[in-house]
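start.pdb (PDB, C-alpha atoms)
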```
ATOM      1  CA  MET E  19     141.950 112.608  77.868  1.00  0.00           C
ATOM      2  CA  LYS E  20     144.345 112.384  80.783  1.00  0.00           C
ATOM      3  CA  ALA E  21     144.358 114.572  83.894  1.00  0.00           C
ATOM      4  CA  ARG E  22     147.689 115.092  85.612  1.00  0.00           C
ATOM      5  CA  ILE E  23     147.236 116.288  89.170  1.00  0.00           C
ATOM      6  CA  HIS E  24     150.014 117.691  91.352  1.00  0.00           C
ATOM      7  CA  ILE E  25     149.209 117.964  95.046  1.00  0.00           C
ATOM      8  CA  THR E  26     151.441 119.857  97.469  1.00  0.00           C
ATOM      9  CA  LEU E  27     151.194 121.023 101.048  1.00  0.00           C
ATOM     10  CA  LYS E  28     150.197 124.650 101.521  1.00  0.00           C
ATOM     11  CA  ASN E  29     152.868 127.070 102.700  1.00  0.00           C
ATOM     12  CA  GLY E  30     153.120 127.062 106.475  1.00  0.00           C
ATOM     13  CA  VAL E  31     151.997 123.428 106.848  1.00  0.00           C
ATOM     14  CA  LEU E  32     154.698 121.329 108.480  1.00  0.00           C
ATOM     15  CA  ASP E  33     156.106 118.606 106.242  1.00  0.00           C
ATOM     16  CA  PRO E  34     157.759 115.923 108.404  1.00  0.00           C
ATOM     17  CA  GLN E  35     158.229 113.617 105.409  1.00  0.00           C
ATOM     18  CA  GLY E  36     159.984 116.419 103.514  1.00  0.00           C
ATOM     19  CA  ARG E  37     162.274 116.971 106.491  1.00  0.00           C
ATOM     20  CA  ALA E  38     163.058 113.243 106.638  1.00  0.00           C
ATOM     21  CA  ILE E  39     163.916 113.282 102.922  1.00  0.00           C
ATOM     22  CA  ALA E  40     166.176 116.314 103.384  1.00  0.00           C
ATOM     23  CA  SER E  41     167.912 114.618 106.310  1.00  0.00           C
ATOM     24  CA  ALA E  42     168.449 111.430 104.312  1.00  0.00           C
ATOM     25  CA  LEU E  43     169.847 113.402 101.369  1.00  0.00           C
ATOM     26  CA  HIS E  44     172.281 115.176 103.706  1.00  0.00           C
ATOM     27  CA  ALA E  45     173.341 111.785 105.116  1.00  0.00           C
ATOM     28  CA  LEU E  46     174.023 110.618 101.558  1.00  0.00           C
ATOM     29  CA  GLY E  47     176.372 113.549 101.021  1.00  0.00           C
ATOM     30  CA  PHE E  48     174.053 115.982  99.225  1.00  0.00           C
ATOM     31  CA  SER E  49     174.987 118.908 101.435  1.00  0.00           C
ATOM     32  CA  SER E  50     173.648 121.546  99.054  1.00  0.00           C
ATOM     33  CA  VAL E  51     170.031 120.436  99.652  1.00  0.00           C
ATOM     34  CA  GLY E  52     167.975 122.946 101.577  1.00  0.00           C
ATOM     35  CA  ASP E  53     164.298 122.585 102.411  1.00  0.00           C
ATOM     36  CA  VAL E  54     162.393 119.683 100.832  1.00  0.00           C
ATOM     37  CA  ARG E  55     158.612 119.651 100.353  1.00  0.00           C
ATOM     38  CA  GLN E  56     157.009 116.322  99.442  1.00  0.00           C
ATOM     39  CA  GLY E  57     153.813 115.971  97.426  1.00  0.00           C
ATOM     40  CA  LYS E  58     151.715 113.616  95.311  1.00  0.00           C
ATOM     41  CA  TYR E  59     151.284 113.106  91.578  1.00  0.00           C
ATOM     42  CA  ILE E  60     148.160 111.403  90.252  1.00  0.00           C
ATOM     43  CA  GLU E  61     147.157 110.575  86.668  1.00  0.00           C
ATOM     44  CA  VAL E  62     143.515 109.925  85.838  1.00  0.00           C
ATOM     45  CA  ASP E  63     142.365 108.689  82.427  1.00  0.00           C
ATOM     46  CA  LEU E  64     139.040 110.252  81.458  1.00  0.00           C
ATOM     47  CA  THR E  65     136.573 109.323  78.734  1.00  0.00           C
ATOM     48  CA  GLU E  66     135.311 112.932  78.672  1.00  0.00           C
ATOM     49  CA  THR E  67     136.405 114.825  75.543  1.00  0.00           C
ATOM     50  CA  ASP E  68     135.200 118.305  76.534  1.00  0.00           C
ATOM     51  CA  LYS E  69     138.020 120.045  78.439  1.00  0.00           C
ATOM     52  CA  THR E  70     135.669 122.248  80.454  1.00  0.00           C
ATOM     53  CA  LYS E  71     133.650 119.260  81.647  1.00  0.00           C
ATOM     54  CA  ALA E  72     136.797 117.238  82.302  1.00  0.00           C
ATOM     55  CA  ARG E  73     138.350 120.017  84.383  1.00  0.00           C
ATOM     56  CA  SER E  74     135.127 120.398  86.360  1.00  0.00           C
ATOM     57  CA  ALA E  75     135.007 116.661  87.070  1.00  0.00           C
ATOM     58  CA  VAL E  76     138.645 116.562  88.177  1.00  0.00           C
ATOM     59  CA  GLU E  77     138.102 119.625  90.405  1.00  0.00           C
ATOM     60  CA  GLN E  78     135.292 117.707  92.097  1.00  0.00           C
ATOM     61  CA  MET E  79     137.509 114.620  92.460  1.00  0.00           C
ATOM     62  CA  CYS E  80     140.192 116.698  94.122  1.00  0.00           C
ATOM     63  CA  GLY E  81     137.750 118.455  96.426  1.00  0.00           C
ATOM     64  CA  LYS E  82     136.028 115.248  97.505  1.00  0.00           C
ATOM     65  CA  LEU E  83     138.848 112.688  97.631  1.00  0.00           C
ATOM     66  CA  LEU E  84     142.241 113.301  96.066  1.00  0.00           C
ATOM     67  CA  ALA E  85     143.362 116.384  97.994  1.00  0.00           C
ATOM     68  CA  ASN E  86     142.824 117.560 101.543  1.00  0.00           C
ATOM     69  CA  THR E  87     142.016 121.146 100.592  1.00  0.00           C
ATOM     70  CA  VAL E  88     142.455 122.352 104.172  1.00  0.00           C
ATOM     71  CA  ILE E  89     146.202 121.705 104.055  1.00  0.00           C
ATOM     72  CA  GLU E  90     146.945 120.947 100.376  1.00  0.00           C
ATOM     73  CA  ASN E  91     146.966 122.822  97.078  1.00  0.00           C
ATOM     74  CA  TYR E  92     146.527 121.109  93.748  1.00  0.00           C
ATOM     75  CA  SER E  93     147.031 121.902  90.084  1.00  0.00           C
ATOM     76  CA  ILE E  94     145.507 120.138  87.110  1.00  0.00           C
ATOM     77  CA  ASP E  95     146.953 119.659  83.623  1.00  0.00           C
ATOM     78  CA  LEU E  96     144.690 118.145  80.981  1.00  0.00           C
ATOM     79  CA  VAL E  97     146.350 116.298  78.084  1.00  0.00           C
ATOM     80  CA  ASP E  98     144.564 114.988  74.979  1.00  0.00           C
TER      81      ASP E  98
END
```

Please express the file's structure as structure tokens.
Amino acid sequence: MKARIHITLKNGVLDPQGRAIASALHALGFSSVGDVRQGKYIEVDLTETDKTKARSAVEQMCGKLLANTVIENYSIDLVD
């Protein structure tokens, strides 16, 4: 089973890297770009076959290491 984890900054948290990306896109001529928010994408291969147990394990991974839950949100997709 594979866990696909998307991590994004919470609303209201400043995103200097997103602003730098937006600025660079404008400099490249993409004038229609508005706000840019940057995040992370992580894939984890799991040997667990029970989706409930897998989700619980990945939730713990996110809470302990993968995401800073003070300033970041995360979503998990499990794929067989």

Return the single residue from E:Gly30, E:Tyr59, E:Ile25, E:Ile94 that is closest to Ser74 in chain E, with distances computed using all atoms listed in the file.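 Smallest separation from Ser74 in chain E among the options: E:Ile94.
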
Restricting the calculation to only C-alpha atoms: of E:Leu84, E:Pro34, E:Glu66, E:Ala72, which residue gets closest to Val54 in chain E?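 Closest to Val54 in chain E, using only C-alpha atoms: E:Pro34.
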
Which residues would end up in the selection if the PyMOL selection byres ((chain E and resi 27) around 12) were applied here, given that I need the answer as an NGL selection string? :E and (24-26 or 28-36 or 54-58 or 85-93)

Computed gap from CA of Gly81 in chain E to CA of Val97 in chain E is 20.4 Å

Once you add 6 Å to each side, what are the centre and edge lengths of the axis-aligned box holding all listed atoms of range 53-63 of chain E? One decimal in Å, as AutoDock Vina command-line options, if you can.
```
--center_x 153.3 --center_y 115.6 --center_z 92.4 --size_x 33.9 --size_y 25.9 --size_z 32.0
```

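What separates CA of Cys80 in chain E from CA of Thr67 in chain E is a distance of 19.1 Å.
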
Using the chain letters and numbering of this document, enumerate as a list in words the residues selected by the PyMOL selection byres ((chain E and resi 62) around 9).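 Checking the PyMOL selection byres ((chain E and resi 62) around 9) against this file, the residues are Met19, Lys20, Ala21, Arg22, Ile23, Ile60, Glu61, Asp63, Leu64 and Val76 of chain E.
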
In terms of the shortest atom-to-atom distance over all atoms listed in the file, which of E:Ala75, E:Leu83, E:Leu96, E:Ile39 is closest to Asp53 in chain E? E:Ile39

Straight-line distance linking CA of Asp98 in chain E with CA of Lys82 in chain E, stated in Å to one decimal: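 Going from CA of Asp98 in chain E over to CA of Lys82 in chain E covers 24.1 Å.
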